[in-house]
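For reference, my_file-v1.txt (compact mmCIF, N, CA and C atoms):
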```
# COMPACT_ATOMS: atom_id res chain seq x y z
N MET K 1 -13.35 -6.27 -5.48
CA MET K 1 -13.45 -5.22 -6.46
C MET K 1 -12.18 -5.19 -7.27
N SER K 2 -12.29 -5.22 -8.57
CA SER K 2 -11.11 -5.04 -9.38
C SER K 2 -11.03 -3.57 -9.78
N LEU K 3 -10.02 -3.23 -10.53
CA LEU K 3 -9.89 -1.84 -10.96
C LEU K 3 -11.00 -1.48 -11.94
N ASP K 4 -11.45 -0.25 -11.85
CA ASP K 4 -12.46 0.28 -12.77
C ASP K 4 -11.70 0.90 -13.94
N VAL K 5 -11.44 0.10 -14.96
CA VAL K 5 -10.60 0.50 -16.08
C VAL K 5 -11.44 1.17 -17.15
N SER K 6 -11.07 2.38 -17.51
CA SER K 6 -11.80 3.11 -18.55
C SER K 6 -11.54 2.46 -19.91
N PRO K 7 -12.45 2.65 -20.85
CA PRO K 7 -12.22 2.12 -22.20
C PRO K 7 -10.92 2.65 -22.82
N ALA K 8 -10.59 3.92 -22.57
CA ALA K 8 -9.36 4.49 -23.14
C ALA K 8 -8.12 3.81 -22.57
N LEU K 9 -8.12 3.53 -21.27
CA LEU K 9 -6.97 2.87 -20.65
C LEU K 9 -6.87 1.42 -21.13
N LEU K 10 -8.00 0.77 -21.28
CA LEU K 10 -8.00 -0.59 -21.79
C LEU K 10 -7.46 -0.63 -23.22
N GLU K 11 -7.84 0.36 -24.03
CA GLU K 11 -7.32 0.45 -25.41
C GLU K 11 -5.81 0.61 -25.40
N GLN K 12 -5.28 1.46 -24.49
CA GLN K 12 -3.83 1.62 -24.37
C GLN K 12 -3.17 0.28 -24.10
N ALA K 13 -3.73 -0.47 -23.15
CA ALA K 13 -3.15 -1.76 -22.78
C ALA K 13 -3.20 -2.74 -23.96
N GLU K 14 -4.27 -2.69 -24.72
CA GLU K 14 -4.39 -3.59 -25.87
C GLU K 14 -3.40 -3.24 -26.97
N ARG K 15 -3.04 -1.95 -27.08
CA ARG K 15 -2.09 -1.49 -28.10
C ARG K 15 -0.64 -1.71 -27.68
N GLY K 16 -0.37 -1.81 -26.38
CA GLY K 16 1.02 -1.97 -25.93
C GLY K 16 1.24 -1.29 -24.61
N GLU K 17 2.18 -0.40 -24.55
CA GLU K 17 2.55 0.28 -23.31
C GLU K 17 1.43 1.18 -22.80
N VAL K 18 1.31 1.22 -21.49
CA VAL K 18 0.29 2.04 -20.83
C VAL K 18 0.99 3.21 -20.13
N ASP K 19 0.38 4.37 -20.22
CA ASP K 19 0.88 5.56 -19.52
C ASP K 19 0.72 5.31 -18.02
N GLU K 20 1.84 5.32 -17.29
CA GLU K 20 1.77 4.98 -15.87
C GLU K 20 0.93 5.99 -15.08
N ALA K 21 0.97 7.25 -15.46
CA ALA K 21 0.15 8.24 -14.76
C ALA K 21 -1.33 7.91 -14.90
N ALA K 22 -1.74 7.42 -16.06
CA ALA K 22 -3.14 7.03 -16.26
C ALA K 22 -3.46 5.80 -15.42
N PHE K 23 -2.52 4.87 -15.32
CA PHE K 23 -2.72 3.69 -14.49
C PHE K 23 -2.84 4.09 -13.02
N VAL K 24 -1.97 4.97 -12.55
CA VAL K 24 -2.03 5.44 -11.16
C VAL K 24 -3.36 6.12 -10.89
N ASP K 25 -3.84 6.90 -11.84
CA ASP K 25 -5.15 7.55 -11.66
C ASP K 25 -6.26 6.52 -11.59
N CYS K 26 -6.15 5.46 -12.35
CA CYS K 26 -7.12 4.37 -12.30
C CYS K 26 -7.11 3.72 -10.92
N VAL K 27 -5.93 3.51 -10.37
CA VAL K 27 -5.82 2.95 -9.02
C VAL K 27 -6.44 3.91 -8.00
N ARG K 28 -6.14 5.21 -8.14
CA ARG K 28 -6.66 6.22 -7.21
C ARG K 28 -8.18 6.21 -7.17
N THR K 29 -8.80 6.13 -8.34
CA THR K 29 -10.26 6.19 -8.38
C THR K 29 -10.91 4.85 -8.07
N SER K 30 -10.22 3.75 -8.35
CA SER K 30 -10.78 2.43 -8.12
C SER K 30 -10.62 1.95 -6.68
N LEU K 31 -9.55 2.38 -6.03
CA LEU K 31 -9.24 1.92 -4.67
C LEU K 31 -9.07 3.13 -3.74
N PRO K 32 -10.14 3.91 -3.55
CA PRO K 32 -10.00 5.17 -2.81
C PRO K 32 -9.56 5.00 -1.36
N PHE K 33 -9.99 3.95 -0.68
CA PHE K 33 -9.57 3.77 0.71
C PHE K 33 -8.07 3.50 0.78
N ALA K 34 -7.59 2.61 -0.06
CA ALA K 34 -6.15 2.30 -0.07
C ALA K 34 -5.35 3.54 -0.46
N TRP K 35 -5.82 4.27 -1.46
CA TRP K 35 -5.13 5.47 -1.92
C TRP K 35 -5.04 6.49 -0.79
N GLU K 36 -6.14 6.72 -0.10
CA GLU K 36 -6.16 7.71 0.97
C GLU K 36 -5.23 7.29 2.11
N MET K 37 -5.25 6.01 2.47
CA MET K 37 -4.37 5.56 3.55
C MET K 37 -2.90 5.78 3.19
N ILE K 38 -2.53 5.38 2.00
CA ILE K 38 -1.13 5.53 1.59
C ILE K 38 -0.77 7.00 1.46
N SER K 39 -1.65 7.80 0.90
CA SER K 39 -1.40 9.25 0.79
C SER K 39 -1.19 9.88 2.16
N ASN K 40 -2.04 9.51 3.11
CA ASN K 40 -1.92 10.06 4.46
C ASN K 40 -0.62 9.63 5.13
N LEU K 41 -0.22 8.39 4.92
CA LEU K 41 1.04 7.92 5.51
C LEU K 41 2.24 8.62 4.89
N VAL K 42 2.19 8.85 3.60
CA VAL K 42 3.27 9.58 2.94
C VAL K 42 3.36 11.01 3.50
N ALA K 43 2.22 11.65 3.67
CA ALA K 43 2.20 13.00 4.25
C ALA K 43 2.73 12.98 5.68
N GLN K 44 2.32 11.99 6.46
CA GLN K 44 2.79 11.86 7.84
C GLN K 44 4.30 11.67 7.88
N LEU K 45 4.83 10.85 6.99
CA LEU K 45 6.28 10.63 6.94
C LEU K 45 7.02 11.92 6.62
N LYS K 46 6.48 12.70 5.70
CA LYS K 46 7.12 13.97 5.33
C LYS K 46 7.10 14.96 6.49
N VAL K 47 6.00 15.01 7.23
CA VAL K 47 5.86 15.95 8.33
C VAL K 47 6.68 15.50 9.54
N ASP K 48 6.53 14.24 9.91
CA ASP K 48 7.17 13.73 11.13
C ASP K 48 8.61 13.31 10.93
N GLY K 49 8.98 12.97 9.70
CA GLY K 49 10.32 12.43 9.46
C GLY K 49 10.41 11.03 10.06
N GLY K 50 11.60 10.59 10.33
CA GLY K 50 11.78 9.28 10.93
C GLY K 50 11.99 8.21 9.89
N ALA K 51 12.09 6.98 10.39
CA ALA K 51 12.38 5.85 9.52
C ALA K 51 11.17 5.39 8.72
N PHE K 52 9.96 5.56 9.26
CA PHE K 52 8.76 5.13 8.55
C PHE K 52 7.52 5.72 9.22
N ALA K 53 6.40 5.60 8.51
CA ALA K 53 5.08 5.93 9.06
C ALA K 53 4.19 4.74 8.78
N ASP K 54 3.36 4.36 9.76
CA ASP K 54 2.51 3.20 9.55
C ASP K 54 1.12 3.39 10.12
N ASN K 55 0.22 2.55 9.64
CA ASN K 55 -1.16 2.54 10.10
C ASN K 55 -1.37 1.26 10.90
N GLN K 56 -2.00 1.38 12.06
CA GLN K 56 -2.29 0.20 12.86
C GLN K 56 -3.79 0.05 13.14
N THR K 57 -4.60 0.88 12.50
CA THR K 57 -6.04 0.82 12.68
C THR K 57 -6.66 -0.06 11.60
N PRO K 58 -7.40 -1.09 11.98
CA PRO K 58 -8.03 -1.94 10.97
C PRO K 58 -8.99 -1.14 10.09
N PRO K 59 -9.15 -1.55 8.84
CA PRO K 59 -10.10 -0.89 7.95
C PRO K 59 -11.51 -0.98 8.52
N PRO K 60 -12.38 -0.05 8.15
CA PRO K 60 -13.73 -0.01 8.72
C PRO K 60 -14.64 -1.14 8.26
N ASP K 61 -14.33 -1.76 7.12
CA ASP K 61 -15.18 -2.83 6.60
C ASP K 61 -14.38 -3.71 5.64
N GLU K 62 -15.03 -4.76 5.16
CA GLU K 62 -14.35 -5.72 4.28
C GLU K 62 -14.03 -5.11 2.92
N GLN K 63 -14.85 -4.19 2.44
CA GLN K 63 -14.54 -3.53 1.16
C GLN K 63 -13.24 -2.76 1.27
N ALA K 64 -13.06 -2.02 2.35
CA ALA K 64 -11.82 -1.27 2.54
C ALA K 64 -10.63 -2.21 2.70
N ARG K 65 -10.81 -3.27 3.46
CA ARG K 65 -9.75 -4.26 3.63
C ARG K 65 -9.37 -4.86 2.28
N GLY K 66 -10.36 -5.16 1.46
CA GLY K 66 -10.11 -5.70 0.13
C GLY K 66 -9.31 -4.75 -0.74
N GLN K 67 -9.57 -3.45 -0.59
CA GLN K 67 -8.81 -2.48 -1.37
C GLN K 67 -7.34 -2.50 -0.98
N LEU K 68 -7.07 -2.57 0.32
CA LEU K 68 -5.67 -2.64 0.75
C LEU K 68 -4.99 -3.90 0.23
N LEU K 69 -5.68 -5.02 0.35
CA LEU K 69 -5.10 -6.27 -0.14
C LEU K 69 -4.83 -6.20 -1.64
N ARG K 70 -5.78 -5.67 -2.38
CA ARG K 70 -5.63 -5.56 -3.83
C ARG K 70 -4.47 -4.64 -4.19
N ALA K 71 -4.36 -3.52 -3.52
CA ALA K 71 -3.31 -2.55 -3.85
C ALA K 71 -1.93 -3.09 -3.51
N LEU K 72 -1.81 -3.78 -2.40
CA LEU K 72 -0.49 -4.19 -1.95
C LEU K 72 -0.11 -5.60 -2.38
N ALA K 73 -1.06 -6.41 -2.79
CA ALA K 73 -0.74 -7.76 -3.26
C ALA K 73 -0.41 -7.79 -4.75
N SER K 74 -0.80 -6.78 -5.47
CA SER K 74 -0.51 -6.71 -6.90
C SER K 74 0.86 -6.06 -7.10
N ASP K 75 1.77 -6.77 -7.72
CA ASP K 75 3.09 -6.19 -7.99
C ASP K 75 2.98 -4.93 -8.84
N ALA K 76 2.09 -4.95 -9.84
CA ALA K 76 1.96 -3.79 -10.73
C ALA K 76 1.42 -2.58 -9.98
N ILE K 77 0.38 -2.78 -9.18
CA ILE K 77 -0.21 -1.65 -8.44
C ILE K 77 0.77 -1.16 -7.38
N ARG K 78 1.32 -2.05 -6.62
CA ARG K 78 2.25 -1.67 -5.56
C ARG K 78 3.45 -0.92 -6.13
N GLY K 79 4.01 -1.45 -7.21
CA GLY K 79 5.16 -0.79 -7.84
C GLY K 79 4.81 0.61 -8.34
N ALA K 80 3.65 0.74 -8.97
CA ALA K 80 3.23 2.05 -9.47
C ALA K 80 3.03 3.04 -8.32
N LEU K 81 2.44 2.57 -7.22
CA LEU K 81 2.24 3.45 -6.06
C LEU K 81 3.59 3.87 -5.46
N GLN K 82 4.51 2.93 -5.36
CA GLN K 82 5.83 3.26 -4.81
C GLN K 82 6.53 4.30 -5.68
N ARG K 83 6.48 4.12 -6.99
CA ARG K 83 7.11 5.10 -7.89
C ARG K 83 6.40 6.45 -7.82
N HIS K 84 5.08 6.43 -7.79
CA HIS K 84 4.30 7.68 -7.75
C HIS K 84 4.61 8.49 -6.49
N PHE K 85 4.61 7.82 -5.34
CA PHE K 85 4.82 8.52 -4.07
C PHE K 85 6.29 8.64 -3.67
N GLY K 86 7.16 7.91 -4.35
CA GLY K 86 8.58 7.97 -4.02
C GLY K 86 8.90 7.35 -2.68
N VAL K 87 8.25 6.24 -2.37
CA VAL K 87 8.45 5.53 -1.10
C VAL K 87 8.54 4.04 -1.37
N ARG K 88 8.88 3.30 -0.31
CA ARG K 88 8.77 1.84 -0.33
C ARG K 88 7.61 1.48 0.58
N LEU K 89 6.79 0.56 0.16
CA LEU K 89 5.62 0.13 0.92
C LEU K 89 5.90 -1.21 1.58
N ALA K 90 5.41 -1.37 2.80
CA ALA K 90 5.47 -2.64 3.51
C ALA K 90 4.08 -2.92 4.05
N PHE K 91 3.78 -4.19 4.28
CA PHE K 91 2.41 -4.58 4.60
C PHE K 91 2.40 -5.76 5.55
N GLN K 92 1.58 -5.67 6.60
CA GLN K 92 1.39 -6.77 7.55
C GLN K 92 -0.08 -6.86 7.93
N ASN K 93 -0.56 -8.05 8.14
CA ASN K 93 -1.85 -8.32 8.79
C ASN K 93 -3.06 -7.61 8.21
N CYS K 94 -3.20 -7.56 6.95
CA CYS K 94 -4.40 -7.04 6.28
C CYS K 94 -4.69 -5.56 6.52
N HIS K 95 -3.89 -4.90 7.34
CA HIS K 95 -4.16 -3.47 7.54
C HIS K 95 -2.93 -2.67 7.92
N ARG K 96 -1.90 -3.29 8.40
CA ARG K 96 -0.74 -2.52 8.84
C ARG K 96 0.13 -2.19 7.63
N VAL K 97 -0.14 -1.05 7.06
CA VAL K 97 0.60 -0.53 5.92
C VAL K 97 1.64 0.44 6.46
N ALA K 98 2.84 0.35 5.91
CA ALA K 98 3.90 1.29 6.30
C ALA K 98 4.56 1.85 5.06
N VAL K 99 4.97 3.10 5.15
CA VAL K 99 5.74 3.72 4.07
C VAL K 99 7.13 4.05 4.61
N PHE K 100 8.12 3.73 3.82
CA PHE K 100 9.51 3.99 4.15
C PHE K 100 10.10 4.88 3.07
N PRO K 101 10.96 5.82 3.44
CA PRO K 101 11.61 6.62 2.41
C PRO K 101 12.54 5.75 1.56
N LEU K 102 12.90 6.24 0.40
CA LEU K 102 13.81 5.52 -0.47
C LEU K 102 15.25 5.54 0.06
N ASP K 103 15.51 6.41 1.02
CA ASP K 103 16.84 6.57 1.60
C ASP K 103 17.35 5.24 2.17
N SER K 104 18.55 4.86 1.77
CA SER K 104 19.11 3.58 2.22
C SER K 104 19.41 3.55 3.72
N SER K 105 19.37 4.70 4.37
CA SER K 105 19.64 4.73 5.82
C SER K 105 18.56 4.00 6.62
N VAL K 106 17.41 3.74 6.03
CA VAL K 106 16.33 3.04 6.75
C VAL K 106 16.21 1.57 6.31
N ASP K 107 17.16 1.10 5.51
CA ASP K 107 17.09 -0.28 5.03
C ASP K 107 17.02 -1.29 6.17
N GLU K 108 17.80 -1.07 7.22
CA GLU K 108 17.78 -2.01 8.34
C GLU K 108 16.42 -2.01 9.02
N ARG K 109 15.82 -0.85 9.20
CA ARG K 109 14.49 -0.75 9.82
C ARG K 109 13.44 -1.43 8.96
N LEU K 110 13.53 -1.23 7.64
CA LEU K 110 12.60 -1.90 6.72
C LEU K 110 12.77 -3.41 6.80
N ALA K 111 13.99 -3.88 6.85
CA ALA K 111 14.25 -5.32 6.97
C ALA K 111 13.66 -5.87 8.26
N ARG K 112 13.77 -5.13 9.35
CA ARG K 112 13.18 -5.58 10.62
C ARG K 112 11.66 -5.61 10.53
N PHE K 113 11.07 -4.57 9.92
CA PHE K 113 9.61 -4.48 9.80
C PHE K 113 9.06 -5.63 8.97
N THR K 114 9.77 -6.04 7.94
CA THR K 114 9.27 -7.07 7.04
C THR K 114 9.83 -8.46 7.36
N SER K 115 10.46 -8.60 8.51
CA SER K 115 11.06 -9.89 8.87
C SER K 115 10.00 -10.88 9.34
N VAL K 116 10.38 -12.14 9.32
CA VAL K 116 9.52 -13.20 9.84
C VAL K 116 9.22 -12.94 11.31
N ARG K 117 10.21 -12.53 12.06
CA ARG K 117 10.04 -12.24 13.48
C ARG K 117 8.97 -11.16 13.69
N ALA K 118 9.08 -10.07 12.95
CA ALA K 118 8.10 -8.98 13.09
C ALA K 118 6.70 -9.46 12.71
N GLN K 119 6.61 -10.28 11.68
CA GLN K 119 5.30 -10.79 11.28
C GLN K 119 4.69 -11.62 12.40
N LEU K 120 5.49 -12.47 13.00
CA LEU K 120 4.98 -13.31 14.09
C LEU K 120 4.60 -12.48 15.31
N LEU K 121 5.38 -11.48 15.63
CA LEU K 121 5.09 -10.64 16.80
C LEU K 121 3.89 -9.73 16.58
N ASN K 122 3.49 -9.53 15.34
CA ASN K 122 2.38 -8.65 15.01
C ASN K 122 1.06 -9.41 14.86
N GLN K 123 1.00 -10.64 15.34
CA GLN K 123 -0.23 -11.43 15.25
C GLN K 123 -1.10 -11.19 16.47
N SER K 124 -2.40 -11.36 16.27
CA SER K 124 -3.34 -11.30 17.38
C SER K 124 -4.59 -12.08 17.00
N PRO K 125 -5.29 -12.63 17.97
CA PRO K 125 -6.50 -13.41 17.66
C PRO K 125 -7.55 -12.61 16.91
N GLU K 126 -7.63 -11.30 17.14
CA GLU K 126 -8.63 -10.47 16.46
C GLU K 126 -8.39 -10.40 14.95
N LEU K 127 -7.15 -10.64 14.53
CA LEU K 127 -6.83 -10.48 13.11
C LEU K 127 -6.82 -11.80 12.35
N ARG K 128 -7.18 -12.88 12.96
CA ARG K 128 -7.08 -14.18 12.30
C ARG K 128 -8.02 -14.31 11.11
N ASP K 129 -9.11 -13.60 11.08
CA ASP K 129 -10.04 -13.74 9.96
C ASP K 129 -9.89 -12.65 8.91
N CYS K 130 -8.87 -11.85 9.02
CA CYS K 130 -8.74 -10.76 8.04
C CYS K 130 -8.12 -11.23 6.75
```
In structure tokens, how does this file's structure come out?
Amino acid sequence: MSLDVSPALLEQAERGEVDEAAFVDCVRTSLPFAWEMISNLVAQLKVDGGAFADNQTPPPDEQARGQLLRALASDAIRGALQRHFGVRLAFQNCHRVAVFPLDSSVDERLARFTSVRAQLLNQSPELRDC
């Protein structure tokens, strides 16, 4: 599934600069599963505090998994989401999304989460086809 771009937003893009709030709204409505997961993690981080909040539950179906991949693999979408929510996003194994505060005090934890070592340790046979 690609983004469901309205004619008005497409016209903005054809003319030049796009209003980022309109782009974020397009992402919200086009990728509702990804949006909800990231929104919930941001809320969890605010409530619980700590270095990060993450999801370890696989998506319920391939459509939901595709939304996560689309949201986090696109530099434009990922960047817009990070700016909108005021967090840094990290991603592992087709479903393990994490949100980190912008605070530099968690830089080391973010580096560990996104390291080659962490990626290798987070593998499992069940996730090989994701």
(request) Give me the residues within 8 Å of Ile77 of chain K as a PyMOL selection string, counting all atoms listed in the file and dropping any in the same chain fewer than 6 places off. (result) chain K and resi 23-24+27+70-71+83
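Reported to one decimal place, the separation of atom CA of Val99 of chain K from atom CA of Val42 of chain K is 6.5 Å.
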(message) What does the structure give for the distance between atom CA of Val18 of chain K and atom N of Gly79 of chain K, in Å to one decimal?
(response) 14.5 Å
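Counting all atoms listed in the file, Val97 of chain K has the following residues at most 6.5 Å away, ignoring those fewer than 2 positions along the same chain: Ala53, Asp54, Asn55, Gln56, Ala90, Phe91, Gln92, Cys94, His95 and Val99 of chain K.
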(message) Ranking K:Ala73, K:Leu3, K:Ala98, K:Leu31 by minimum distance to Thr57 of chain K and counting only C-alpha atoms, which one comes first?
(response) K:Ala98
